[in-house]
Amino acid sequence: MSVDSRRRITVDRRDFINYRTKCPFCGETVGPRFVTREHLDVPPAPPYAASVRCPRCREAYEVVFSDSA
Ligand SMILES: [Zn+2]
């Protein structure tokens, strides 16, 4: 996987909220605590995506919620 494709990952919202999403760079488990910005501008059920910074490797990437795409 290229670095660019790892900058935007698609996950199930419930997995993310329950810390079952892994950082695409280092495999650390991430969740709502590590959100730096929510993207609320697209209906119907915001947030549809969030910016996340990994607590271990410090990489920043977008998490897109598959159930609101
Ligand atoms: Zn990481």
# chains A, B, ... in the order shown; residues from 1 in each chain; ligands from 1
>>> closest_atom_pairs(of="chain A", to="ligand 1", cutoff="9 Å", atoms="only C-alpha atoms and all ligand atoms", output="JSON lines")
{"residue": "A:Lys22", "atom": "CA", "partner": "ligand 1", "partner_atom_place_in_ligand_line": "1 (Zn)", "distance": 7.9}
{"residue": "A:Cys23", "atom": "CA", "partner": "ligand 1", "partner_atom_place_in_ligand_line": "1 (Zn)", "distance": 4.7}
{"residue": "A:Pro24", "atom": "CA", "partner": "ligand 1", "partner_atom_place_in_ligand_line": "1 (Zn)", "distance": 6.6}
{"residue": "A:Phe25", "atom": "CA", "partner": "ligand 1", "partner_atom_place_in_ligand_line": "1 (Zn)", "distance": 4.8}
{"residue": "A:Cys26", "atom": "CA", "partner": "ligand 1", "partner_atom_place_in_ligand_line": "1 (Zn)", "distance": 4.1}
{"residue": "A:Gly27", "atom": "CA", "partner": "ligand 1", "partner_atom_place_in_ligand_line": "1 (Zn)", "distance": 5.9}
{"residue": "A:Glu28", "atom": "CA", "partner": "ligand 1", "partner_atom_place_in_ligand_line": "1 (Zn)", "distance": 5.3}
{"residue": "A:Thr29", "atom": "CA", "partner": "ligand 1", "partner_atom_place_in_ligand_line": "1 (Zn)", "distance": 8.1}
{"residue": "A:Val30", "atom": "CA", "partner": "ligand 1", "partner_atom_place_in_ligand_line": "1 (Zn)", "distance": 8.3}
{"residue": "A:Arg53", "atom": "CA", "partner": "ligand 1", "partner_atom_place_in_ligand_line": "1 (Zn)", "distance": 7.8}
{"residue": "A:Cys54", "atom": "CA", "partner": "ligand 1", "partner_atom_place_in_ligand_line": "1 (Zn)", "distance": 4.6}
{"residue": "A:Pro55", "atom": "CA", "partner": "ligand 1", "partner_atom_place_in_ligand_line": "1 (Zn)", "distance": 6.6}
{"residue": "A:Arg56", "atom": "CA", "partner": "ligand 1", "partner_atom_place_in_ligand_line": "1 (Zn)", "distance": 5.2}
{"residue": "A:Cys57", "atom": "CA", "partner": "ligand 1", "partner_atom_place_in_ligand_line": "1 (Zn)", "distance": 4.1}
{"residue": "A:Arg58", "atom": "CA", "partner": "ligand 1", "partner_atom_place_in_ligand_line": "1 (Zn)", "distance": 6.1}
{"residue": "A:Glu59", "atom": "CA", "partner": "ligand 1", "partner_atom_place_in_ligand_line": "1 (Zn)", "distance": 5.8}
{"residue": "A:Ala60", "atom": "CA", "partner": "ligand 1", "partner_atom_place_in_ligand_line": "1 (Zn)", "distance": 8.3}
>>> write_last_selection(atoms="N, CA and C atoms", output="CSV table (one decimal), in the first residue's frame")
chain,number,residue,atom,x,y,z
A,22,LYS,N,-7.2,0.0,13.4
A,22,LYS,CA,-5.8,0.0,13.5
A,22,LYS,C,-5.1,1.1,12.6
A,23,CYS,N,-4.1,1.8,13.2
A,23,CYS,CA,-3.4,2.7,12.4
A,23,CYS,C,-2.8,2.0,11.2
A,24,PRO,N,-3.0,2.7,10.0
A,24,PRO,CA,-2.4,2.0,8.7
A,24,PRO,C,-0.9,2.1,8.7
A,25,PHE,N,-0.3,2.9,9.5
A,25,PHE,CA,1.2,3.0,9.5
A,25,PHE,C,1.9,2.1,10.4
A,26,CYS,N,1.4,1.9,11.6
A,26,CYS,CA,2.1,1.2,12.6
A,26,CYS,C,1.3,0.1,13.3
A,27,GLY,N,-0.1,0.0,13.1
A,27,GLY,CA,-0.9,-1.0,13.6
A,27,GLY,C,-1.4,-0.7,15.0
A,28,GLU,N,-1.1,0.5,15.5
A,28,GLU,CA,-1.6,0.9,16.8
A,28,GLU,C,-3.2,1.0,16.8
A,29,THR,N,-3.8,0.6,17.9
A,29,THR,CA,-5.3,0.8,17.9
A,29,THR,C,-5.7,2.2,18.2
A,30,VAL,N,-6.5,2.7,17.3
A,30,VAL,CA,-6.9,4.1,17.5
A,30,VAL,C,-8.5,4.2,17.6
A,53,ARG,N,-4.7,11.6,14.5
A,53,ARG,CA,-3.3,11.5,14.7
A,53,ARG,C,-3.0,10.3,15.6
A,54,CYS,N,-2.1,9.4,15.0
A,54,CYS,CA,-1.8,8.2,15.8
A,54,CYS,C,-1.0,8.6,17.0
A,55,PRO,N,-1.3,8.0,18.2
A,55,PRO,CA,-0.6,8.3,19.4
A,55,PRO,C,0.8,7.6,19.5
A,56,ARG,N,1.0,6.6,18.6
A,56,ARG,CA,2.3,6.0,18.7
A,56,ARG,C,3.3,6.5,17.6
A,57,CYS,N,2.9,6.5,16.3
A,57,CYS,CA,3.8,6.9,15.3
A,57,CYS,C,3.6,8.3,14.8
A,58,ARG,N,2.6,9.0,15.3
A,58,ARG,CA,2.3,10.4,15.1
A,58,ARG,C,1.9,10.7,13.6
A,59,GLU,N,1.6,9.7,12.9
A,59,GLU,CA,1.2,10.0,11.5
A,59,GLU,C,-0.3,10.5,11.6
A,60,ALA,N,-0.6,11.4,10.6
A,60,ALA,CA,-2.0,11.9,10.6
A,60,ALA,C,-2.6,11.4,9.3
>>> select_by_dssp(residues="chain A", states="strand (DSSP E)", output="short mmCIF file (atom, residue, chain, number, x, y, z; two decimals) with C-alpha atoms, in the first residue's frame")
data_model
loop_
_atom_site.label_atom_id
_atom_site.label_comp_id
_atom_site.auth_asym_id
_atom_site.auth_seq_id
_atom_site.Cartn_x
_atom_site.Cartn_y
_atom_site.Cartn_z
CA ARG A 8 -7.31 7.89 3.88
CA ILE A 9 -8.74 4.72 5.33
CA THR A 10 -12.34 3.56 5.36
CA VAL A 11 -13.65 1.94 8.52
CA THR A 21 -9.50 0.41 14.11
CA LYS A 22 -5.77 0.05 13.51
CA THR A 29 -5.29 0.76 17.93
CA VAL A 30 -6.94 4.14 17.48
CA VAL A 35 -9.45 12.61 16.56
CA THR A 36 -8.03 16.05 15.79
CA ARG A 37 -10.94 17.21 13.64
CA GLU A 38 -14.36 15.89 12.71
CA HIS A 39 -15.86 16.50 9.30
CA ALA A 49 -15.10 11.36 8.52
CA ALA A 50 -12.45 12.46 10.97
CA SER A 51 -8.82 13.48 11.03
CA VAL A 52 -6.81 11.26 13.33
CA ARG A 53 -3.28 11.50 14.67
CA ALA A 60 -1.96 11.93 10.55
CA TYR A 61 -4.63 10.52 8.28
CA GLU A 62 -8.31 10.67 7.40
CA VAL A 63 -10.75 8.07 8.68
CA VAL A 64 -13.85 7.77 6.50
CA PHE A 65 -16.84 6.00 7.99
#
>>> atom_distance(atom1="atom CA of A:Arg7", atom2="atom CA of A:Ser66")
15.5 Å
>>> atom_distance(atom1="atom CA of A:Ile17", atom2="atom CA of A:Gly31")
5.6 Å
>>> closest_residue(among="A:Arg13, A:Arg20, A:Arg33, A:Arg6", to="A:Tyr48", atoms="only C-alpha atoms")
A:Arg13
>>> select_by_dssp(residues="chain A", states="helix (DSSP H, G or I)", output="ChimeraX atom specification")
/A:3-6,13-17,32-34,66-68
>>> decode(residues="stretch 25-60 of chain A", atoms="N, CA and C atoms", output="PDB file, in the first residue's frame")
ATOM      1  N   PHE A  25      -0.270   2.850   9.501  1.00  0.00           N
ATOM      2  CA  PHE A  25       1.185   2.995   9.454  1.00  0.00           C
ATOM      3  C   PHE A  25       1.901   2.077  10.432  1.00  0.00           C
ATOM      4  N   CYS A  26       1.369   1.931  11.641  1.00  0.00           N
ATOM      5  CA  CYS A  26       2.103   1.151  12.645  1.00  0.00           C
ATOM      6  C   CYS A  26       1.253   0.073  13.314  1.00  0.00           C
ATOM      7  N   GLY A  27      -0.064   0.038  13.054  1.00  0.00           N
ATOM      8  CA  GLY A  27      -0.904  -0.995  13.631  1.00  0.00           C
ATOM      9  C   GLY A  27      -1.431  -0.683  15.015  1.00  0.00           C
ATOM     10  N   GLU A  28      -1.109   0.488  15.539  1.00  0.00           N
ATOM     11  CA  GLU A  28      -1.647   0.885  16.845  1.00  0.00           C
ATOM     12  C   GLU A  28      -3.168   0.971  16.783  1.00  0.00           C
ATOM     13  N   THR A  29      -3.839   0.629  17.863  1.00  0.00           N
ATOM     14  CA  THR A  29      -5.288   0.758  17.925  1.00  0.00           C
ATOM     15  C   THR A  29      -5.656   2.215  18.184  1.00  0.00           C
ATOM     16  N   VAL A  30      -6.533   2.739  17.339  1.00  0.00           N
ATOM     17  CA  VAL A  30      -6.940   4.139  17.477  1.00  0.00           C
ATOM     18  C   VAL A  30      -8.464   4.225  17.575  1.00  0.00           C
ATOM     19  N   GLY A  31      -8.911   5.359  18.113  1.00  0.00           N
ATOM     20  CA  GLY A  31     -10.338   5.586  18.275  1.00  0.00           C
ATOM     21  C   GLY A  31     -10.598   7.055  18.528  1.00  0.00           C
ATOM     22  N   PRO A  32     -11.781   7.359  19.052  1.00  0.00           N
ATOM     23  CA  PRO A  32     -12.210   8.769  19.167  1.00  0.00           C
ATOM     24  C   PRO A  32     -11.260   9.676  19.950  1.00  0.00           C
ATOM     25  N   ARG A  33     -10.504   9.134  20.895  1.00  0.00           N
ATOM     26  CA  ARG A  33      -9.577   9.980  21.663  1.00  0.00           C
ATOM     27  C   ARG A  33      -8.550  10.667  20.779  1.00  0.00           C
ATOM     28  N   PHE A  34      -8.278  10.096  19.615  1.00  0.00           N
ATOM     29  CA  PHE A  34      -7.169  10.592  18.804  1.00  0.00           C
ATOM     30  C   PHE A  34      -7.637  11.407  17.612  1.00  0.00           C
ATOM     31  N   VAL A  35      -8.913  11.756  17.614  1.00  0.00           N
ATOM     32  CA  VAL A  35      -9.447  12.611  16.555  1.00  0.00           C
ATOM     33  C   VAL A  35      -8.960  14.046  16.770  1.00  0.00           C
ATOM     34  N   THR A  36      -8.444  14.646  15.716  1.00  0.00           N
ATOM     35  CA  THR A  36      -8.030  16.047  15.795  1.00  0.00           C
ATOM     36  C   THR A  36      -9.070  16.964  15.158  1.00  0.00           C
ATOM     37  N   ARG A  37      -9.894  16.412  14.255  1.00  0.00           N
ATOM     38  CA  ARG A  37     -10.939  17.214  13.635  1.00  0.00           C
ATOM     39  C   ARG A  37     -12.003  16.296  13.061  1.00  0.00           C
ATOM     40  N   GLU A  38     -13.263  16.631  13.314  1.00  0.00           N
ATOM     41  CA  GLU A  38     -14.363  15.887  12.714  1.00  0.00           C
ATOM     42  C   GLU A  38     -14.872  16.649  11.498  1.00  0.00           C
ATOM     43  N   HIS A  39     -15.319  15.899  10.521  1.00  0.00           N
ATOM     44  CA  HIS A  39     -15.856  16.495   9.302  1.00  0.00           C
ATOM     45  C   HIS A  39     -17.363  16.331   9.321  1.00  0.00           C
ATOM     46  N   LEU A  40     -18.037  17.438   9.527  1.00  0.00           N
ATOM     47  CA  LEU A  40     -19.469  17.399   9.814  1.00  0.00           C
ATOM     48  C   LEU A  40     -20.315  17.919   8.668  1.00  0.00           C
ATOM     49  N   ASP A  41     -19.709  18.197   7.547  1.00  0.00           N
ATOM     50  CA  ASP A  41     -20.392  19.002   6.536  1.00  0.00           C
ATOM     51  C   ASP A  41     -21.183  18.208   5.513  1.00  0.00           C
ATOM     52  N   VAL A  42     -21.230  16.881   5.646  1.00  0.00           N
ATOM     53  CA  VAL A  42     -21.986  16.101   4.685  1.00  0.00           C
ATOM     54  C   VAL A  42     -23.052  15.281   5.404  1.00  0.00           C
ATOM     55  N   PRO A  43     -24.301  15.425   5.055  1.00  0.00           N
ATOM     56  CA  PRO A  43     -25.364  14.595   5.645  1.00  0.00           C
ATOM     57  C   PRO A  43     -25.269  13.165   5.143  1.00  0.00           C
ATOM     58  N   PRO A  44     -25.998  12.195   5.720  1.00  0.00           N
ATOM     59  CA  PRO A  44     -27.086  12.432   6.677  1.00  0.00           C
ATOM     60  C   PRO A  44     -26.695  12.252   8.140  1.00  0.00           C
ATOM     61  N   ALA A  45     -25.588  11.628   8.428  1.00  0.00           N
ATOM     62  CA  ALA A  45     -25.291  11.308   9.826  1.00  0.00           C
ATOM     63  C   ALA A  45     -23.868  11.696  10.188  1.00  0.00           C
ATOM     64  N   PRO A  46     -23.640  12.957  10.416  1.00  0.00           N
ATOM     65  CA  PRO A  46     -22.284  13.382  10.744  1.00  0.00           C
ATOM     66  C   PRO A  46     -21.826  12.863  12.094  1.00  0.00           C
ATOM     67  N   PRO A  47     -20.540  12.733  12.338  1.00  0.00           N
ATOM     68  CA  PRO A  47     -19.490  13.009  11.367  1.00  0.00           C
ATOM     69  C   PRO A  47     -19.324  11.871  10.371  1.00  0.00           C
ATOM     70  N   TYR A  48     -19.065  12.212   9.133  1.00  0.00           N
ATOM     71  CA  TYR A  48     -18.853  11.181   8.119  1.00  0.00           C
ATOM     72  C   TYR A  48     -17.393  10.821   7.994  1.00  0.00           C
ATOM     73  N   ALA A  49     -16.529  11.649   8.568  1.00  0.00           N
ATOM     74  CA  ALA A  49     -15.101  11.362   8.523  1.00  0.00           C
ATOM     75  C   ALA A  49     -14.416  12.135   9.640  1.00  0.00           C
ATOM     76  N   ALA A  50     -13.184  11.763   9.930  1.00  0.00           N
ATOM     77  CA  ALA A  50     -12.446  12.463  10.967  1.00  0.00           C
ATOM     78  C   ALA A  50     -10.960  12.444  10.635  1.00  0.00           C
ATOM     79  N   SER A  51     -10.280  13.475  11.093  1.00  0.00           N
ATOM     80  CA  SER A  51      -8.823  13.485  11.030  1.00  0.00           C
ATOM     81  C   SER A  51      -8.297  12.879  12.320  1.00  0.00           C
ATOM     82  N   VAL A  52      -7.347  11.980  12.174  1.00  0.00           N
ATOM     83  CA  VAL A  52      -6.815  11.262  13.327  1.00  0.00           C
ATOM     84  C   VAL A  52      -5.298  11.415  13.342  1.00  0.00           C
ATOM     85  N   ARG A  53      -4.738  11.568  14.532  1.00  0.00           N
ATOM     86  CA  ARG A  53      -3.282  11.495  14.669  1.00  0.00           C
ATOM     87  C   ARG A  53      -2.952  10.321  15.568  1.00  0.00           C
ATOM     88  N   CYS A  54      -2.141   9.427  15.041  1.00  0.00           N
ATOM     89  CA  CYS A  54      -1.793   8.219  15.786  1.00  0.00           C
ATOM     90  C   CYS A  54      -0.982   8.573  17.029  1.00  0.00           C
ATOM     91  N   PRO A  55      -1.342   7.985  18.175  1.00  0.00           N
ATOM     92  CA  PRO A  55      -0.613   8.284  19.405  1.00  0.00           C
ATOM     93  C   PRO A  55       0.768   7.641  19.454  1.00  0.00           C
ATOM     94  N   ARG A  56       1.013   6.649  18.614  1.00  0.00           N
ATOM     95  CA  ARG A  56       2.315   5.967  18.659  1.00  0.00           C
ATOM     96  C   ARG A  56       3.273   6.525  17.616  1.00  0.00           C
ATOM     97  N   CYS A  57       2.861   6.496  16.335  1.00  0.00           N
ATOM     98  CA  CYS A  57       3.806   6.894  15.281  1.00  0.00           C
ATOM     99  C   CYS A  57       3.620   8.341  14.836  1.00  0.00           C
ATOM    100  N   ARG A  58       2.561   9.001  15.331  1.00  0.00           N
ATOM    101  CA  ARG A  58       2.314  10.422  15.083  1.00  0.00           C
ATOM    102  C   ARG A  58       1.925  10.728  13.638  1.00  0.00           C
ATOM    103  N   GLU A  59       1.638   9.712  12.861  1.00  0.00           N
ATOM    104  CA  GLU A  59       1.154   9.959  11.505  1.00  0.00           C
ATOM    105  C   GLU A  59      -0.273  10.491  11.570  1.00  0.00           C
ATOM    106  N   ALA A  60      -0.610  11.388  10.636  1.00  0.00           N
ATOM    107  CA  ALA A  60      -1.962  11.928  10.554  1.00  0.00           C
ATOM    108  C   ALA A  60      -2.626  11.393   9.302  1.00  0.00           C
TER     109      ALA A  60
END
